[in-house]
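Enquirer: Below is one structure. I have some questions about it.
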Amino acid sequence: MSFPFLLRRLVLVIPTLIGVSIIVFVLLRVVPGDPIMMMIPPGATEDDIDHLRQLYGLDKPILEQYFDWFSEVLKGDFGTSISLRQDVVELILSRLPATIELAVAAMFISVILGTLLALIGTFWSNRWPEIIVDGFTGLNQAIPDFLWGLIFILVLGVLWPLLPVSGRIDPRISLDLVSQFYIAESLIRGEFSVFLTLIKHMIMPAIALALPLTAVISRSLKASLRETMTQDYIRMAQIKGFGPWRILIVEALRNAMIPTVALSGVQFNFLLGGTVLIERIFSYPGIGNMSIGAVIDRDLPLIQGLIITFAILFIITNLVIDMSYRTLNPRVRNE
Amino acid sequence: MNAVLDVQNLYLGVSQNNRYSPILNGVNLEIQRSQIHGLVGESGAGKSMLAKAILGILPNSTTINKGYIHFKGSDLAGMSRYERRQLASRHIAMIPQDPMTSLNPVRRIGSQLGDVLRLHMKLNRILAQERVLELLNDVQIRDPKRVVHQYPFELSGGMRQRVLIAMAFSCKPELIIADEPTTALDVTVQHQILQLIKQLQSETGTSVLFISHDLGVIAKICDYVSILHSGNIVEMQSAINLFQNPLNKYTKNLLEITSHYYRFENAD
């Protein structure tokens with residue numbers, strides 16, 4: 001990976017984040033809804049309200065509020081949550097690993113499953129396996145992730161209770177893990193019973209999130225595989241005497257993956273957005289779930305911090321996708 | 001019988017929407033050991049279909065209805081896919097028409113050449129890479145050590161065709177099918193590539209079926225020529241005889257039309 005490319009991309013991150021912060025800051029103060037009204041006890045006087053408003057600096061002009069906030073952000077301080085009365089950075093960092101584990105698991109499932117489906121559909125094209133793959137893909141494109149979440153809870157949680165329907169871990173288990181990356185840490189420490197419980201909790205939300213993305217990946221990959229399989233170098237590989245699976249995987253897959261990787265980067269951002277509803281449905285303690293709470297409570301500092309966090313996640317995803325795109329395609333690698 | 005390839009009375013056609021259209025109507029073709037055999041015909045005469053039938057890569061809609069293709073005594077048409085794969089490249093190789101699209105764009109030259117050697121010659125990775133350098137040297141590629149690490153897009157058309165020629169000769173096959181190997185190249189490079197094929201052929205003693213619609217090219221390289229016209233071989237004789245006194249009316253016409261533009265030069 002060329003270093004100047006990475007540097008150029010990292011420099012571009014700064015104006016992007018500033019832009020995001022301005023838009024969010026202004027929008028939150030322009031739309032109706034008042035954080036102070038959400039926190040006052042019944043029977044508070046006008047004086048109490050004014051006092052609170054002053055305390056949180058909400059009586060100043062928006063521009064002044066922004067610069068006050070931004071100068072603190074530069075020092076790494078995103079303020080204090082109005083509803084939870086805790087430091088925003090600490091709150092987010094305690095919940096972020098849960099969301100990252102969920103999103104990565106979903107991405108992992110969709111890439112593996114989507115690629116397998118595309119390979120099966122291409123290998124047995126115009127025969128029954130392709131029809132099944134197409135049907136499955138169509139179904140998954142039509143049903144959104146949150147609906148899958150509800151279906152899973154109904155079927156596997158209620159009608160046939162195999163899996164836990166809420167949370168990240170069984171509350172009766174006492175955890176002595178140091179990080180918030182429970183799955184990664186329990187695996188590294190070899191605590192498999194804890195790991196298994198974590199997986200049981202994650203499997204339904206992860207699959208619900210993964211299915212729409214699986215459909216996108218398998219559909220796009222199958223289309224480009226089909227096109228790739230008509231290329232001259234595929235015929236040359238047949239003439240060279242290679243078997244059909246080896247031709248599909250070694251010769252065709254890597255070429256076909258190039259457009260799909262570009263597409264799944266965009267789709268992964270949808271997946272991150274999807275965590276908001278899915279975490280709510282499964283009471284999963286991540287930043288998506290926290291976002292809904294923060295919006296309901298009109299918790300301005302927390303919302304701002306969360307949106308900046310999501311923006312950083314989007315930027316990192318896009319950077320990773322761009323880098324893997326360059327690794328796959330030798331033609332753009334040496335630019 | 002010294003024939004490497006013996007095609008007898010081959011009927012082949014495409015079935016589409018319950019309609020059958022014949023492509024080859026009783027083709028007879030014999031290629032002797034160490035012979036460069038030209039196959040000439042206009043577009044649509046069935047040259048490529050014959051080549052595909054020999055290589056075993058006919059599309060599913062196409063069927064062989066009658067006749068046989070004997071390669072060293074065994075019938076190719078009756079073989080399973082698996083048996084065909086054992087013959088591919090090891091015994092019957094191909095130099096394709098378009099070098100720009102015939103190499104995998106995301107794989108390095110060295111690994112694309114090396115994988116055939118590892119598949120058929122059972123060489124390990126290190127031996128295969130050594131052999132690849134020799135092969136690239138044989139096709140007169142400068143600085144093979146650099147080229148093995150390059151991707152196809154970094155090479156010119158002529159260089160890529162040299163790589164594909166190296167690939168075709170790599171497993172020392174008995175028969176190479178060259179399907180218009182110079183049409184996609186410019187004239188100066190064409191001549192070099194023809195020289196190279198001819199030189200490697202005489203060094204290895206491989207038979208070559210050289211497909212072309214260009215009589216000038218055929219005259220330069222072939223020992224024997226067959227003329228394919230609407231699914232039939234209308235004439236088959238040695239290159240010298242053919243150009244001096246063609247027997248068939250179609251061949252005569254063909255020679256007359258194109259005579260102003262080629263010069264007979266089979267001497268070298």
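Naming scheme: A, B, ... for chains in displayed order of the structure tokens; residues 1 onward per chain; ligands 1 onward as shown.
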Hey, could you make a per-residue contact list for chain A against chain B with 9 Å as the cut-off, showing the nearest pair of atoms and its distance in Å to one decimal, counting only C-alpha atoms, sorted by chain and number, as a Markdown table?
Expert:
```
| residue | atom | partner | partner_atom | distance |
| --- | --- | --- | --- | --- |
| A:Gln231 | CA | B:Thr101 | CA | 7.3 |
| A:Asp232 | CA | B:Ser102 | CA | 4.9 |
| A:Tyr233 | CA | B:Ser102 | CA | 4.2 |
| A:Ile234 | CA | B:Asn104 | CA | 7.8 |
| A:Arg235 | CA | B:Ile57 | CA | 8.0 |
| A:Met236 | CA | B:Ser102 | CA | 6.4 |
| A:Gln238 | CA | B:Ile57 | CA | 7.7 |
| A:Ile239 | CA | B:Ala88 | CA | 5.6 |
| A:Lys240 | CA | B:Ser89 | CA | 4.9 |
| A:Gly241 | CA | B:Arg85 | CA | 4.5 |
| A:Phe242 | CA | B:Arg85 | CA | 6.8 |
| A:Gly243 | CA | B:Arg85 | CA | 7.5 |
| A:Glu251 | CA | B:Asn104 | CA | 6.9 |
| A:Ala252 | CA | B:Asn104 | CA | 8.6 |
| A:Arg254 | CA | B:Val106 | CA | 7.3 |
| A:Asn255 | CA | B:Val106 | CA | 6.6 |
| A:Leu328 | CA | B:Val106 | CA | 7.4 |
| A:Asn329 | CA | B:Val106 | CA | 6.5 |
| A:Pro330 | CA | B:Val106 | CA | 6.2 |
| A:Arg331 | CA | B:Phe153 | CA | 7.3 |
```
Enquirer: Would you mind writing down, as an mmCIF file with N, CA and C atoms, in the first residue's frame, each residue of segment 133-223 of chain B that DSSP on the backbone assigns to strand (DSSP E or B)?
Expert:
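And here is the file that came out, part.cif:
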```cif
data_model
loop_
_atom_site.group_PDB
_atom_site.id
_atom_site.type_symbol
_atom_site.label_atom_id
_atom_site.label_comp_id
_atom_site.auth_asym_id
_atom_site.auth_seq_id
_atom_site.Cartn_x
_atom_site.Cartn_y
_atom_site.Cartn_z
ATOM 1 N N LEU B 175 0.648 -31.539 -30.188
ATOM 2 C CA LEU B 175 -0.104 -30.732 -31.149
ATOM 3 C C LEU B 175 -0.417 -29.368 -30.539
ATOM 4 N N ILE B 176 -0.161 -28.314 -31.341
ATOM 5 C CA ILE B 176 -0.549 -26.977 -30.898
ATOM 6 C C ILE B 176 -1.515 -26.402 -31.923
ATOM 7 N N ILE B 177 -2.615 -25.883 -31.423
ATOM 8 C CA ILE B 177 -3.551 -25.236 -32.334
ATOM 9 C C ILE B 177 -3.335 -23.737 -32.231
ATOM 10 N N ALA B 178 -2.919 -23.143 -33.346
ATOM 11 C CA ALA B 178 -2.686 -21.698 -33.352
ATOM 12 C C ALA B 178 -3.857 -21.061 -34.089
ATOM 13 N N ASP B 179 -4.750 -20.424 -33.319
ATOM 14 C CA ASP B 179 -5.970 -19.876 -33.915
ATOM 15 C C ASP B 179 -5.744 -18.416 -34.292
ATOM 16 N N SER B 207 3.640 -30.789 -33.804
ATOM 17 C CA SER B 207 2.805 -30.466 -34.965
ATOM 18 C C SER B 207 1.970 -29.235 -34.636
ATOM 19 N N VAL B 208 1.731 -28.419 -35.664
ATOM 20 C CA VAL B 208 0.936 -27.220 -35.437
ATOM 21 C C VAL B 208 -0.207 -27.175 -36.443
ATOM 22 N N LEU B 209 -1.413 -26.952 -35.935
ATOM 23 C CA LEU B 209 -2.524 -26.647 -36.836
ATOM 24 C C LEU B 209 -2.660 -25.133 -36.836
ATOM 25 N N PHE B 210 -2.310 -24.522 -37.964
ATOM 26 C CA PHE B 210 -2.242 -23.073 -38.034
ATOM 27 C C PHE B 210 -3.459 -22.531 -38.763
ATOM 28 N N ILE B 211 -4.355 -21.903 -37.999
ATOM 29 C CA ILE B 211 -5.601 -21.421 -38.591
ATOM 30 C C ILE B 211 -5.446 -19.971 -39.005
ATOM 31 N N SER B 212 -5.851 -19.656 -40.226
ATOM 32 C CA SER B 212 -5.743 -18.271 -40.669
ATOM 33 C C SER B 212 -6.648 -18.041 -41.866
#
```
Enquirer: Set the distance at 10 Å and use only C-alpha atoms: which residues neighbour Trp148 of chain A once local chain neighbours fewer than 6 positions away are removed? I'd like the list as a list in words.
Expert: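 Residues near the query, excluding close chain neighbours: Asn140, Leu154, Met204, Pro205, Ile207, Ala208, Leu209, Ala210, Leu211, Pro212 and Ile278 of chain A.
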Enquirer: Save the residues we just selected, N, CA and C atoms, as an mmCIF file, in the first residue's frame?
Expert:
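Resulting contents of part28.cif:
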```
data_model
loop_
_atom_site.group_PDB
_atom_site.id
_atom_site.type_symbol
_atom_site.label_atom_id
_atom_site.label_comp_id
_atom_site.auth_asym_id
_atom_site.auth_seq_id
_atom_site.Cartn_x
_atom_site.Cartn_y
_atom_site.Cartn_z
ATOM 1 N N ASN A 140 -34.245 -12.051 0.389
ATOM 2 C CA ASN A 140 -33.451 -11.244 1.308
ATOM 3 C C ASN A 140 -33.379 -9.783 0.904
ATOM 4 N N LEU A 154 -39.547 -14.192 17.091
ATOM 5 C CA LEU A 154 -40.803 -14.938 17.160
ATOM 6 C C LEU A 154 -40.548 -16.445 17.040
ATOM 7 N N MET A 204 -28.530 -14.173 16.423
ATOM 8 C CA MET A 204 -29.752 -13.672 15.773
ATOM 9 C C MET A 204 -29.605 -12.239 15.248
ATOM 10 N N PRO A 205 -29.148 -11.280 16.092
ATOM 11 C CA PRO A 205 -28.989 -9.932 15.525
ATOM 12 C C PRO A 205 -27.974 -9.888 14.385
ATOM 13 N N ILE A 207 -27.191 -12.270 12.174
ATOM 14 C CA ILE A 207 -27.742 -12.813 10.926
ATOM 15 C C ILE A 207 -28.801 -11.871 10.359
ATOM 16 N N ALA A 208 -29.629 -11.296 11.240
ATOM 17 C CA ALA A 208 -30.651 -10.354 10.760
ATOM 18 C C ALA A 208 -30.005 -9.190 10.019
ATOM 19 N N LEU A 209 -28.890 -8.684 10.579
ATOM 20 C CA LEU A 209 -28.175 -7.590 9.918
ATOM 21 C C LEU A 209 -27.516 -8.051 8.629
ATOM 22 N N ALA A 210 -27.055 -9.308 8.639
ATOM 23 C CA ALA A 210 -26.234 -9.801 7.518
ATOM 24 C C ALA A 210 -27.074 -10.130 6.289
ATOM 25 N N LEU A 211 -28.324 -10.562 6.489
ATOM 26 C CA LEU A 211 -29.068 -11.113 5.346
ATOM 27 C C LEU A 211 -29.257 -10.135 4.177
ATOM 28 N N PRO A 212 -29.686 -8.883 4.416
ATOM 29 C CA PRO A 212 -29.828 -7.990 3.261
ATOM 30 C C PRO A 212 -28.496 -7.764 2.531
ATOM 31 N N ILE A 278 -31.636 -2.763 14.922
ATOM 32 C CA ILE A 278 -31.424 -4.148 15.374
ATOM 33 C C ILE A 278 -31.009 -4.189 16.848
#
```
Enquirer: As a list of chain:residue names, please: the residues near His191 of chain B (cut-off 10 Å, only C-alpha atoms, same-chain neighbours under 4 positions excluded).
Expert: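 Neighbouring residues, sequence-local ones excluded: B:Thr182, B:Leu185, B:Asp186, B:Val187, B:Gln195, B:Leu196, B:Val217, B:Lys220.
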Enquirer: Would you compute the distance between atom CA of Glu30 of chain B and atom CA of His91 of chain B? Give it in Å to one decimal.
Expert: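 Separation of atom CA of Glu30 of chain B and atom CA of His91 of chain B: 16.6 Å.
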Enquirer: Residues within 12 Å of Phe270 of chain A, please, as a list in words. Count only C-alpha atoms; anything in the same chain fewer than 5 positions from it doesn't count.
Expert: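 Neighbouring residues, sequence-local ones excluded: Ala103, Ala106, Met107, Pro144, Asp145, Leu209, Ala210, Pro212, Leu213, Val216, Leu263, Ser264, Gly265, Thr275, Val276, Leu277, Phe310, Leu313, Phe314 and Thr317 of chain A.
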